[in-house]
$ cat run_18.cif   # mmCIF, C-alpha atoms
data_structure
#
loop_
_atom_site.label_atom_id
_atom_site.label_comp_id
_atom_site.auth_asym_id
_atom_site.auth_seq_id
_atom_site.Cartn_x
_atom_site.Cartn_y
_atom_site.Cartn_z
CA MET A 7 -118.43 39.15 -3.63
CA MET A 8 -119.99 36.28 -5.53
CA ASN A 9 -122.41 38.54 -7.39
CA ARG A 10 -119.44 40.52 -8.68
CA ILE A 11 -117.71 37.32 -9.78
CA LEU A 12 -120.84 36.07 -11.52
CA ALA A 13 -121.21 39.33 -13.37
CA GLY A 14 -117.84 39.76 -14.66
CA ILE A 15 -110.58 0.53 -13.79
CA THR A 16 -113.90 -0.95 -12.55
CA ALA A 17 -117.00 0.78 -11.36
CA THR A 18 -117.99 -0.05 -7.76
CA MET A 19 -121.36 0.69 -6.25
CA LEU A 20 -121.87 2.58 -3.02
CA ALA A 21 -124.15 0.95 -0.49
CA GLY A 22 -127.88 1.00 -1.07
CA ALA A 23 -130.33 0.13 -3.80
CA ALA A 24 -131.85 2.63 -6.19
CA PRO A 25 -135.63 2.86 -6.50
CA LEU A 26 -135.55 2.68 -10.28
CA GLY A 27 -138.63 3.63 -12.23
CA ALA A 28 -139.54 3.88 -15.86
CA GLN A 29 -138.22 7.45 -16.07
CA ALA A 30 -135.04 6.82 -14.08
CA THR A 31 -131.89 8.41 -15.47
CA ASP A 32 -128.63 6.68 -14.72
CA LEU A 33 -125.76 8.99 -13.80
CA VAL A 34 -122.14 7.88 -13.76
CA ILE A 35 -120.30 9.52 -10.87
CA TYR A 36 -116.50 9.68 -10.76
CA HIS A 37 -114.73 10.41 -7.47
CA THR A 38 -111.52 9.73 -5.57
CA TRP A 39 -112.81 9.03 -2.07
CA SER A 40 -112.46 5.76 -0.16
CA ALA A 41 -112.13 6.44 3.60
CA PRO A 42 -115.21 5.38 5.63
CA PRO A 43 -116.34 8.96 6.45
CA GLU A 44 -115.94 9.90 2.78
CA VAL A 45 -118.05 6.96 1.62
CA ALA A 46 -120.68 7.73 4.28
CA ALA A 47 -120.89 11.30 2.96
CA LEU A 48 -121.24 10.09 -0.64
CA ASN A 49 -124.07 7.85 0.44
CA VAL A 50 -125.93 10.93 1.71
CA LEU A 51 -125.86 12.33 -1.83
CA LYS A 52 -126.69 8.97 -3.38
CA LYS A 53 -129.71 8.52 -1.12
CA ASN A 54 -131.09 11.93 -2.03
CA LEU A 55 -130.44 11.47 -5.74
CA GLU A 56 -132.24 8.14 -5.79
CA ALA A 57 -135.16 9.71 -3.91
CA LYS A 58 -135.69 11.75 -7.09
CA GLY A 59 -135.92 8.52 -9.10
CA ASP A 60 -132.46 8.66 -10.66
CA SER A 61 -129.72 6.06 -10.27
CA TRP A 62 -126.06 6.34 -9.33
CA THR A 63 -123.28 4.31 -10.93
CA ASP A 64 -120.02 4.83 -9.11
CA ILE A 65 -116.48 4.99 -10.54
CA ALA A 66 -114.12 5.20 -7.58
CA ILE A 67 -110.39 5.62 -8.09
CA PRO A 68 -108.99 6.59 -4.66
CA HIS A 69 -106.51 9.46 -4.84
CA ASP A 70 -103.87 7.59 -2.82
CA THR A 71 -103.63 4.53 -5.10
CA GLY A 72 -101.07 6.08 -7.43
CA SER A 73 -103.31 5.30 -10.41
CA ASN A 74 -102.81 7.47 -13.46
CA VAL A 75 -106.43 7.08 -14.55
CA ASN A 76 -108.06 10.49 -14.28
CA LEU A 77 -111.09 12.31 -15.60
CA MET A 78 -109.49 13.35 -18.87
CA ASN A 79 -108.38 9.75 -19.50
CA LEU A 80 -112.03 8.75 -19.26
CA VAL A 81 -113.05 11.58 -21.58
CA ALA A 82 -110.39 10.66 -24.13
CA GLY A 83 -111.50 7.03 -23.93
CA GLY A 84 -115.02 8.01 -24.97
CA ASN A 85 -116.66 7.14 -21.64
CA PRO A 86 -116.78 10.34 -19.61
CA PRO A 87 -118.77 10.36 -16.36
CA ASN A 88 -121.79 12.62 -15.94
CA LEU A 89 -120.55 14.02 -12.65
CA PHE A 90 -117.01 14.20 -11.39
CA MET A 91 -115.13 15.37 -8.34
CA GLU A 92 -112.63 17.91 -9.59
CA SER A 93 -111.15 21.22 -8.42
CA ASN A 94 -108.41 21.94 -10.94
CA PRO A 95 -109.44 24.81 -13.25
CA GLY A 96 -107.33 23.43 -16.09
CA VAL A 97 -109.58 20.39 -16.33
CA TYR A 98 -112.66 22.57 -16.75
CA ARG A 99 -110.91 24.59 -19.45
CA ASP A 100 -110.02 21.36 -21.26
CA LEU A 101 -113.64 20.22 -21.10
CA VAL A 102 -114.85 23.53 -22.52
CA LYS A 103 -112.40 23.17 -25.41
CA ALA A 104 -113.74 19.66 -26.02
CA GLY A 105 -117.33 20.95 -26.08
CA LEU A 106 -118.14 19.15 -22.84
CA GLY A 107 -118.09 22.05 -20.38
CA ARG A 108 -121.27 22.74 -18.39
CA PRO A 109 -121.41 26.33 -17.04
CA LEU A 110 -123.67 26.73 -14.00
CA THR A 111 -123.77 30.51 -13.68
CA ASP A 112 -127.42 30.88 -14.71
CA PHE A 113 -128.48 27.86 -12.66
CA PHE A 114 -126.88 29.26 -9.50
CA LYS A 115 -128.34 32.73 -10.08
CA GLU A 116 -131.80 31.29 -10.69
CA HIS A 117 -131.72 29.46 -7.36
CA GLY A 118 -130.24 32.36 -5.40
CA TYR A 119 -127.15 30.43 -4.35
CA PRO A 120 -124.38 33.03 -4.81
CA ASP A 121 -124.95 34.84 -1.53
CA LYS A 122 -125.17 31.64 0.49
CA HIS A 123 -121.47 30.76 0.43
CA PRO A 124 -118.41 31.97 2.36
CA ASP A 125 -115.91 33.95 0.31
CA ALA A 126 -113.48 31.03 0.03
CA VAL A 127 -116.23 28.83 -1.40
CA ALA A 128 -117.54 31.51 -3.74
CA HIS A 129 -114.16 32.06 -5.35
CA SER A 130 -113.50 28.35 -5.74
CA MET A 131 -116.59 27.84 -7.93
CA VAL A 132 -115.51 30.13 -10.74
CA VAL A 133 -113.32 29.38 -13.74
CA ASP A 134 -112.79 32.18 -16.28
CA ASP A 135 -115.79 34.21 -15.01
CA GLN A 136 -118.20 31.27 -15.15
CA VAL A 137 -119.47 29.13 -12.29
CA MET A 138 -118.27 25.67 -13.25
CA LYS A 139 -118.12 23.82 -9.93
CA VAL A 140 -120.68 22.68 -7.39
CA PRO A 141 -119.09 23.02 -3.91
CA THR A 142 -119.72 20.13 -1.57
CA ALA A 143 -117.30 20.36 1.39
CA LEU A 144 -115.23 23.08 3.05
CA HIS A 145 -112.00 22.31 4.89
CA ILE A 146 -108.97 24.22 6.07
CA ASP A 147 -105.84 22.42 4.91
CA GLY A 148 -103.62 23.19 7.87
CA MET A 149 -105.58 22.76 11.07
CA VAL A 150 -104.24 21.52 14.40
CA TYR A 151 -106.40 18.71 15.80
CA TYR A 152 -105.39 17.73 19.30
CA ASN A 153 -106.48 15.22 21.94
CA MET A 154 -107.82 17.23 24.86
CA ASP A 155 -107.19 14.49 27.45
CA VAL A 156 -103.59 14.16 26.30
CA ALA A 157 -103.15 17.94 26.43
CA LYS A 158 -104.23 17.87 30.09
CA LYS A 159 -101.95 14.91 30.81
CA VAL A 160 -98.86 16.65 29.46
CA GLY A 161 -99.80 20.08 30.83
CA ILE A 162 -100.02 21.82 27.46
CA ASP A 163 -102.67 24.21 26.14
CA PRO A 164 -102.35 24.35 22.32
CA THR A 165 -104.68 27.36 22.20
CA ALA A 166 -102.01 29.36 24.06
CA TRP A 167 -99.45 29.00 21.25
CA LYS A 168 -99.01 32.25 19.36
CA SER A 169 -96.38 31.02 16.89
CA LEU A 170 -94.80 27.92 15.45
CA ASP A 171 -91.73 28.56 17.57
CA GLU A 172 -93.83 28.48 20.75
CA MET A 173 -95.36 25.20 19.57
CA PHE A 174 -91.99 23.55 18.89
CA ALA A 175 -90.63 24.85 22.22
CA ASP A 176 -93.10 22.60 24.07
CA PHE A 177 -92.11 19.40 22.25
CA ASP A 178 -89.48 18.32 24.80
CA LYS A 179 -92.02 18.61 27.61
CA ILE A 180 -94.52 16.53 25.61
CA LYS A 181 -91.91 13.86 24.82
CA ALA A 182 -90.91 13.70 28.48
CA ALA A 183 -94.50 12.66 29.25
CA GLY A 184 -94.14 9.71 26.88
CA VAL A 185 -96.27 11.18 24.09
CA ILE A 186 -95.47 11.89 20.44
CA PRO A 187 -95.84 15.69 20.10
CA LEU A 188 -96.87 15.71 16.46
CA ALA A 189 -98.25 12.83 14.39
CA VAL A 190 -97.11 13.18 10.77
CA GLY A 191 -97.96 11.10 7.71
CA GLY A 192 -94.90 11.02 5.47
CA GLN A 193 -96.51 10.68 2.05
CA GLN A 194 -95.80 13.03 -0.84
CA TRP A 195 -99.25 14.60 -0.96
CA GLN A 196 -99.33 15.09 2.82
CA VAL A 197 -95.96 16.84 2.69
CA GLY A 198 -97.24 18.91 -0.23
CA TYR A 199 -100.31 20.00 1.72
CA LEU A 200 -98.17 20.88 4.73
CA THR A 201 -95.91 22.95 2.47
CA HIS A 202 -98.68 25.15 1.12
CA ALA A 203 -100.29 25.41 4.57
CA LEU A 204 -96.95 26.70 5.87
CA ALA A 205 -96.72 29.16 2.97
CA ALA A 206 -100.11 30.62 3.93
CA THR A 207 -99.18 30.63 7.61
CA ILE A 208 -95.80 32.31 7.20
CA GLY A 209 -96.38 34.74 4.35
CA GLY A 210 -100.09 35.45 4.11
CA PRO A 211 -102.23 35.82 0.96
CA ASP A 212 -99.98 37.95 -1.26
CA PHE A 213 -96.94 35.76 -0.62
CA PHE A 214 -98.97 32.58 -1.12
CA ASN A 215 -100.45 33.73 -4.42
CA ARG A 216 -97.04 34.75 -5.73
CA ILE A 217 -96.13 31.05 -5.39
CA TYR A 218 -99.35 29.26 -6.24
CA GLY A 219 -101.43 31.79 -8.16
CA GLU A 220 -102.29 31.72 -11.83
CA LYS A 221 -99.14 33.74 -12.62
CA PRO A 222 -96.39 32.87 -10.11
CA ASP A 223 -93.75 35.50 -9.42
CA PRO A 224 -90.20 34.01 -9.49
CA ALA A 225 -88.93 36.88 -7.32
CA VAL A 226 -90.74 35.28 -4.39
CA PHE A 227 -88.19 32.46 -4.28
CA ASP A 228 -85.55 34.88 -2.97
CA THR A 229 -87.62 36.19 -0.07
CA PRO A 230 -86.89 35.38 3.59
CA GLU A 231 -90.41 33.98 3.91
CA PHE A 232 -89.77 31.39 1.20
CA ARG A 233 -86.68 30.17 3.06
CA GLN A 234 -88.73 30.00 6.25
CA VAL A 235 -91.22 27.65 4.62
CA PHE A 236 -88.44 25.12 4.08
CA ASP A 237 -86.79 25.82 7.42
CA TYR A 238 -90.04 24.92 9.17
CA LEU A 239 -90.68 22.00 6.85
CA ARG A 240 -87.35 20.58 8.06
CA LYS A 241 -88.42 21.08 11.68
CA PHE A 242 -91.61 19.16 11.00
CA GLN A 243 -89.66 16.36 9.35
CA GLN A 244 -87.27 16.14 12.30
CA ALA A 245 -90.21 16.03 14.73
CA ALA A 246 -91.89 13.11 12.93
CA ASP A 247 -91.94 9.76 14.71
CA GLU A 248 -90.14 6.73 13.26
CA GLY A 249 -93.30 5.21 11.84
CA SER A 250 -94.30 8.26 9.81
CA ALA A 251 -92.77 7.21 6.48
CA ASN A 252 -95.53 6.57 3.93
CA ARG A 253 -98.17 6.39 6.68
CA GLU A 254 -101.66 7.29 5.51
CA TRP A 255 -103.33 10.36 6.93
CA ASN A 256 -106.18 8.55 8.66
CA LEU A 257 -103.84 6.08 10.37
CA THR A 258 -101.88 9.10 11.53
CA THR A 259 -105.06 10.65 12.90
CA ASN A 260 -105.69 7.44 14.84
CA LEU A 261 -102.47 8.01 16.79
CA VAL A 262 -104.00 11.21 18.14
CA ILE A 263 -107.43 9.69 18.73
CA THR A 264 -105.92 6.84 20.76
CA GLY A 265 -103.70 9.14 22.81
CA LYS A 266 -100.35 8.06 21.42
CA ALA A 267 -99.77 11.55 20.00
CA LEU A 268 -100.92 14.98 21.11
CA MET A 269 -101.84 16.42 17.73
CA GLN A 270 -101.80 16.31 13.96
CA ILE A 271 -101.57 19.20 11.50
CA HIS A 272 -103.42 18.33 8.33
CA GLY A 273 -106.69 19.02 6.53
CA ASP A 274 -109.67 19.16 8.83
CA TRP A 275 -111.25 16.20 7.11
CA MET A 276 -109.50 14.59 10.09
CA LYS A 277 -112.69 15.37 11.97
CA GLY A 278 -114.47 12.55 10.15
CA GLU A 279 -112.14 10.04 11.80
CA TRP A 280 -112.79 11.53 15.23
CA LEU A 281 -116.55 11.44 14.73
CA ALA A 282 -116.41 7.86 13.42
CA ALA A 283 -114.59 6.95 16.65
CA GLY A 284 -117.49 8.38 18.67
CA LYS A 285 -115.60 11.49 19.80
CA THR A 286 -117.05 14.98 20.27
CA ALA A 287 -115.52 18.26 19.12
CA GLY A 288 -114.83 20.59 22.03
CA LYS A 289 -114.98 17.73 24.52
CA ASP A 290 -112.63 15.02 23.30
CA PHE A 291 -110.70 16.97 20.70
CA GLY A 292 -109.95 20.57 19.89
CA CYS A 293 -109.12 22.25 16.60
CA ILE A 294 -107.23 25.49 15.94
CA GLN A 295 -105.46 27.07 12.99
CA ILE A 296 -101.68 26.75 12.82
CA PRO A 297 -100.28 29.03 15.54
CA GLY A 298 -99.44 32.47 14.23
CA ALA A 299 -101.09 31.91 10.85
CA LYS A 300 -101.27 34.99 8.65
CA ALA A 301 -103.73 33.10 6.43
CA VAL A 302 -105.26 29.67 6.01
CA ALA A 303 -105.59 27.61 2.85
CA ALA A 304 -109.16 26.53 2.21
CA SER A 305 -110.00 23.35 0.32
CA VAL A 306 -113.39 23.19 -1.32
CA ASP A 307 -114.22 19.74 -2.64
CA SER A 308 -116.33 20.29 -5.73
CA TRP A 309 -118.28 18.49 -8.43
CA GLY A 310 -118.35 19.24 -12.12
CA LEU A 311 -121.13 18.43 -14.59
CA LEU A 312 -120.61 17.03 -18.08
CA GLY A 313 -121.99 19.28 -20.80
CA GLY A 314 -123.40 18.43 -24.22
CA GLN A 315 -125.77 15.82 -22.83
CA PRO A 316 -129.34 14.84 -23.76
CA GLU A 317 -132.06 16.78 -21.96
CA ASP A 318 -132.86 13.99 -19.49
CA LYS A 319 -129.22 13.58 -18.51
CA ASP A 320 -128.74 17.33 -18.14
CA LYS A 321 -131.83 17.60 -15.93
CA ALA A 322 -130.62 14.75 -13.72
CA GLU A 323 -127.20 16.38 -13.44
CA LEU A 324 -128.81 19.64 -12.32
CA ASP A 325 -130.94 17.69 -9.84
CA PHE A 326 -127.69 16.38 -8.40
CA ALA A 327 -126.24 19.91 -8.20
CA ALA A 328 -129.33 21.14 -6.34
CA ILE A 329 -129.07 18.22 -3.91
CA VAL A 330 -125.40 18.90 -3.17
CA VAL A 331 -125.96 22.52 -2.13
CA ASP A 332 -129.30 22.02 -0.36
CA PRO A 333 -128.72 23.38 3.18
CA ASN A 334 -130.24 20.37 4.92
CA VAL A 335 -128.31 17.92 2.77
CA GLN A 336 -125.20 19.98 3.44
CA ALA A 337 -125.71 19.57 7.17
CA GLU A 338 -126.12 15.80 6.90
CA PHE A 339 -123.24 15.47 4.44
CA ALA A 340 -120.84 17.55 6.58
CA LYS A 341 -121.66 15.53 9.68
CA ALA A 342 -120.78 12.30 7.88
CA LYS A 343 -117.70 13.68 6.12
CA GLY A 344 -116.27 15.72 8.96
CA SER A 345 -116.37 18.84 6.79
CA THR A 346 -117.95 22.24 7.28
CA PRO A 347 -121.09 23.06 5.25
CA VAL A 348 -120.43 25.21 2.20
CA ARG A 349 -123.60 27.20 2.89
CA LEU A 350 -123.85 29.86 5.54
CA ASP A 351 -127.54 29.07 6.04
CA ALA A 352 -127.07 25.38 6.87
CA PRO A 353 -128.93 24.50 10.10
CA GLN A 354 -126.86 25.91 12.94
CA ASP A 355 -127.65 23.01 15.24
CA SER A 356 -125.72 20.83 12.80
CA LEU A 357 -122.47 22.72 13.43
CA ASP A 358 -120.03 21.31 15.95
CA ALA A 359 -117.27 23.29 17.67
CA CYS A 360 -114.76 22.69 14.86
CA SER A 361 -117.12 23.74 12.07
CA LYS A 362 -117.95 26.88 14.00
CA GLU A 363 -114.22 27.59 14.32
CA VAL A 364 -113.69 27.05 10.58
CA LEU A 365 -116.51 29.46 9.73
CA ARG A 366 -115.13 31.99 12.21
CA ILE A 367 -111.72 31.80 10.53
CA VAL A 368 -112.97 32.08 6.94
CA ALA A 369 -115.33 34.93 7.83
CA ASP A 370 -112.35 37.21 7.13
CA PRO A 371 -111.74 37.32 3.34
CA LYS A 372 -108.21 38.67 3.94
CA HIS A 373 -107.26 35.67 6.07
CA GLN A 374 -107.78 32.96 3.47
CA VAL A 375 -106.35 31.61 0.24
CA GLN A 376 -107.46 28.81 -2.03
CA ASN A 377 -106.00 25.33 -2.14
CA PRO A 378 -103.46 25.28 -5.02
CA HIS A 379 -105.53 22.57 -6.74
CA ALA A 380 -108.13 25.25 -7.46
CA ILE A 381 -105.81 27.92 -8.87
CA SER A 382 -102.40 26.54 -9.84
CA ASP A 383 -101.02 25.03 -13.01
CA ALA A 384 -101.06 21.32 -12.21
CA ASP A 385 -97.51 20.68 -13.46
CA TRP A 386 -96.19 23.59 -11.42
CA GLU A 387 -97.93 22.46 -8.24
CA ASN A 388 -96.71 18.89 -8.75
CA SER A 389 -93.16 20.13 -9.18
CA ILE A 390 -93.33 21.87 -5.79
CA TRP A 391 -94.63 18.65 -4.26
CA ASP A 392 -91.68 16.78 -5.76
CA VAL A 393 -89.13 19.20 -4.35
CA ALA A 394 -90.78 19.38 -0.93
CA PHE A 395 -90.98 15.59 -0.65
CA ASN A 396 -87.38 15.11 -1.79
CA PHE A 397 -86.33 17.71 0.77
CA TRP A 398 -88.37 15.92 3.42
CA SER A 399 -86.93 12.51 2.52
CA ASP A 400 -83.29 13.60 2.32
CA PRO A 401 -82.02 15.24 5.53
CA ASP A 402 -78.84 16.23 3.70
CA MET A 403 -80.71 18.33 1.14
CA SER A 404 -80.28 21.98 2.10
CA VAL A 405 -82.79 24.81 1.84
CA ASP A 406 -80.54 26.33 -0.84
CA ASP A 407 -80.72 23.07 -2.81
CA ALA A 408 -84.52 23.04 -2.58
CA ILE A 409 -84.87 26.65 -3.69
CA ALA A 410 -82.46 26.13 -6.58
CA LYS A 411 -84.49 23.16 -7.79
CA ILE A 412 -87.74 25.12 -7.58
CA LYS A 413 -86.19 27.94 -9.62
CA GLU A 414 -85.07 25.39 -12.21
CA ASN A 415 -88.58 23.91 -12.35
CA TYR A 416 -90.10 27.35 -12.77
CA LYS A 417 -87.95 28.04 -15.83
CA THR A 418 -88.81 24.64 -17.31
CA ILE A 419 -92.57 24.77 -16.69
CA LEU A 420 -93.52 28.45 -16.63
CA GLY A 421 -90.49 30.47 -17.70
#
$ encode --input "run_18.cif" --output "structure tokens"
Amino acid sequence: MMNRILAGITATMLAGAAPLGAQATDLVIYHTWSAPPEVAALNVLKKNLEAKGDSWTDIAIPHDTGSNVNLMNLVAGGNPPNLFMESNPGVYRDLVKAGLGRPLTDFFKEHGYPDKHPDAVAHSMVVDDQVMKVPTALHIDGMVYYNMDVAKKVGIDPTAWKSLDEMFADFDKIKAAGVIPLAVGGQQWQVGYLTHALAATIGGPDFFNRIYGEKPDPAVFDTPEFRQVFDYLRKFQQAADEGSANREWNLTTNLVITGKALMQIHGDWMKGEWLAAGKTAGKDFGCIQIPGAKAVAASVDSWGLLGGQPEDKDKAELDFAAIVVDPNVQAEFAKAKGSTPVRLDAPQDSLDACSKEVLRIVADPKHQVQNPHAISDADWENSIWDVAFNFWSDPDMSVDDAIAKIKENYKTILG
């Protein structure tokens, strides 16, 4: 598959000291991570970059701060980073227009990388027929992570659920045991992620891409499946505990880790929190796709490289790219982050039960779609987030109201 694709604001330092030498090249790295497992994973890359004699200067603007400083702000300000964490294809197109794009097609071919990635990862790397992104972490956006001891306590086997309705039917039994059935973090982006995970679950790839693809189809808004997305979103909102409003995802995960809740449905970067708490996949916690899912949405965290740089900077940037996709580095990085390696040939002994389940799921190209960040118009995706969060926050807002607002937004943004 990939061969066919290839044909056709203050800087803060991550932990550690760089072994600087006379030929050291300083690279400025922009990212949006701040949770402990995320920082631990970044330090894996930093350590390996500095082993090559280069140095790492960190610009960290966590994605949940609400800051409006982004990559293109830094570019416009005349101080663009050398490397940046970015998935949105529009950003790469803007960089190409500005003469700062850095295609990686030849570099990836030269190193034989194309055949080393799952289909979901391979597709995510390409913008307008050129490899522009360096994949670093694979996650499924809508995974069920559950506490196995709690499941035994309440007499529930999540793996037995064949549909969302079967899952919700067990909530009264779980509550009767004094446990929150479903831990939910009520922030806009978490509701947005749940919305597109439900779209993949309920409608499958074609339906999902008619909403989030490069050319959305407005006829999809009148389908029964589109109504179901909001019907189930309301059920999730009604199942949320009283403390869910504006609660961060990792604090929500902690409710499950500590046994106060049975499960959480969110991106499987949740695993990093479980591992940091000393828990073991398949023993202390289990992970399954949303019951009855027709497809899963795959997130591929990726890096971009700044083009138009002096030879020494360009070489150091490519050194970084090679480090990121090295199979052994991938194994170490994924263990720290709680992600699944983006390479199929990463050491198998590095894969825990959840990573094996993720790879099993994404082995079927027809059972996966890309995170909207990687394919959607940013304004369009944000407008869906706005509607979904307003719907979530206002119990009196009807499904008809939500659909009408989305139709209005479509006309304004894409019509």
$ atom_distance --input "run_18.cif" --atom1 "atom CA of Asn88 of chain A" --atom2 "atom CA of Lys52 of chain A"
14.0 Å
$ closest_residue --input "run_18.cif" --among "A:Gly209, A:Pro371, A:Pro141, A:Gly219" --to "Lys300 of chain A" --atoms "all atoms listed in the file"
A:Gly209
$ resolve_selection --input "run_18.cif" --expression "the PyMOL selection byres ((chain A and resi 242) around 12)" --output "number ranges by chain"
A: 170-171, 173-174, 177, 187-192, 196-197, 200-201, 204, 235-241, 243-247, 250, 270-271, 394, 397-399, 401
$ resolve_selection --input "run_18.cif" --expression "the PyMOL selection byres ((chain A and resi 294) around 9)" --output "MDAnalysis selection string"
chainID A and resid 149:152 164:165 292:293 295:297 360 363:364
$ write_last_selection --input "run_18.cif" --atoms "C-alpha atoms" --output "mmCIF file, in the coordinates of the input"
data_model
loop_
_atom_site.group_PDB
_atom_site.id
_atom_site.type_symbol
_atom_site.label_atom_id
_atom_site.label_comp_id
_atom_site.auth_asym_id
_atom_site.auth_seq_id
_atom_site.Cartn_x
_atom_site.Cartn_y
_atom_site.Cartn_z
ATOM 1 C CA MET A 149 -105.580 22.760 11.070
ATOM 2 C CA VAL A 150 -104.240 21.520 14.400
ATOM 3 C CA TYR A 151 -106.400 18.710 15.800
ATOM 4 C CA TYR A 152 -105.390 17.730 19.300
ATOM 5 C CA PRO A 164 -102.350 24.350 22.320
ATOM 6 C CA THR A 165 -104.680 27.360 22.200
ATOM 7 C CA GLY A 292 -109.950 20.570 19.890
ATOM 8 C CA CYS A 293 -109.120 22.250 16.600
ATOM 9 C CA GLN A 295 -105.460 27.070 12.990
ATOM 10 C CA ILE A 296 -101.680 26.750 12.820
ATOM 11 C CA PRO A 297 -100.280 29.030 15.540
ATOM 12 C CA CYS A 360 -114.760 22.690 14.860
ATOM 13 C CA GLU A 363 -114.220 27.590 14.320
ATOM 14 C CA VAL A 364 -113.690 27.050 10.580
#
$ closest_atom_pairs --input "run_18.cif" --of "segment 203-261 of chain A" --to "segment 373-389 of chain A" --cutoff "9 Å" --atoms "all atoms listed in the file" --output "tab-separated table"
residue	atom	partner	partner_atom	distance
A:Ala203	CA	A:Asn377	CA	8.8
A:Ala206	CA	A:Val375	CA	7.3
A:Gly210	CA	A:His373	CA	7.4
A:Pro211	CA	A:Val375	CA	5.9
A:Phe214	CA	A:Val375	CA	7.6
A:Asn215	CA	A:Val375	CA	7.8
A:Ile217	CA	A:Ser382	CA	8.9
A:Tyr218	CA	A:Ser382	CA	5.4
A:Gly219	CA	A:Ser382	CA	5.6
A:Glu220	CA	A:Ser382	CA	5.6
A:Lys221	CA	A:Ser382	CA	8.4
A:Pro222	CA	A:Ser382	CA	8.7
$ residues_near_point --input "run_18.cif" --point "(-89.1, 24.5, -8.8)" --cutoff "10 Å" --atoms "only C-alpha atoms" --output "number ranges by chain"
A: 224, 227, 386-394, 408-420
$ write_last_selection --input "run_18.cif" --atoms "C-alpha atoms" --output "compact mmCIF listing (two decimals), in the frame of the given file"
# COMPACT_ATOMS: atom_id res chain seq x y z
CA PRO A 224 -90.20 34.01 -9.49
CA PHE A 227 -88.19 32.46 -4.28
CA TRP A 386 -96.19 23.59 -11.42
CA GLU A 387 -97.93 22.46 -8.24
CA ASN A 388 -96.71 18.89 -8.75
CA SER A 389 -93.16 20.13 -9.18
CA ILE A 390 -93.33 21.87 -5.79
CA TRP A 391 -94.63 18.65 -4.26
CA ASP A 392 -91.68 16.78 -5.76
CA VAL A 393 -89.13 19.20 -4.35
CA ALA A 394 -90.78 19.38 -0.93
CA ALA A 408 -84.52 23.04 -2.58
CA ILE A 409 -84.87 26.65 -3.69
CA ALA A 410 -82.46 26.13 -6.58
CA LYS A 411 -84.49 23.16 -7.79
CA ILE A 412 -87.74 25.12 -7.58
CA LYS A 413 -86.19 27.94 -9.62
CA GLU A 414 -85.07 25.39 -12.21
CA ASN A 415 -88.58 23.91 -12.35
CA TYR A 416 -90.10 27.35 -12.77
CA LYS A 417 -87.95 28.04 -15.83
CA THR A 418 -88.81 24.64 -17.31
CA ILE A 419 -92.57 24.77 -16.69
CA LEU A 420 -93.52 28.45 -16.63
$ atom_distance --input "run_18.cif" --atom1 "atom CA of Ile162 of chain A" --atom2 "atom CA of Lys343 of chain A"
28.9 Å
$ resolve_selection --input "run_18.cif" --expression "the PyMOL selection byres ((chain A and resi 275) around 9)" --output "ChimeraX atom specification"
/A:43-44,144-147,272-274,276-279,343-345
$ write_last_selection --input "run_18.cif" --atoms "C-alpha atoms" --output "PDB file, in the coordinates of the input"
ATOM      1  CA  PRO A  43    -116.340   8.960   6.450  1.00  0.00           C
ATOM      2  CA  GLU A  44    -115.940   9.900   2.780  1.00  0.00           C
ATOM      3  CA  LEU A 144    -115.230  23.080   3.050  1.00  0.00           C
ATOM      4  CA  HIS A 145    -112.000  22.310   4.890  1.00  0.00           C
ATOM      5  CA  ILE A 146    -108.970  24.220   6.070  1.00  0.00           C
ATOM      6  CA  ASP A 147    -105.840  22.420   4.910  1.00  0.00           C
ATOM      7  CA  HIS A 272    -103.420  18.330   8.330  1.00  0.00           C
ATOM      8  CA  GLY A 273    -106.690  19.020   6.530  1.00  0.00           C
ATOM      9  CA  ASP A 274    -109.670  19.160   8.830  1.00  0.00           C
ATOM     10  CA  MET A 276    -109.500  14.590  10.090  1.00  0.00           C
ATOM     11  CA  LYS A 277    -112.690  15.370  11.970  1.00  0.00           C
ATOM     12  CA  GLY A 278    -114.470  12.550  10.150  1.00  0.00           C
ATOM     13  CA  GLU A 279    -112.140  10.040  11.800  1.00  0.00           C
ATOM     14  CA  LYS A 343    -117.700  13.680   6.120  1.00  0.00           C
ATOM     15  CA  GLY A 344    -116.270  15.720   8.960  1.00  0.00           C
ATOM     16  CA  SER A 345    -116.370  18.840   6.790  1.00  0.00           C
TER      17      SER A 345
END
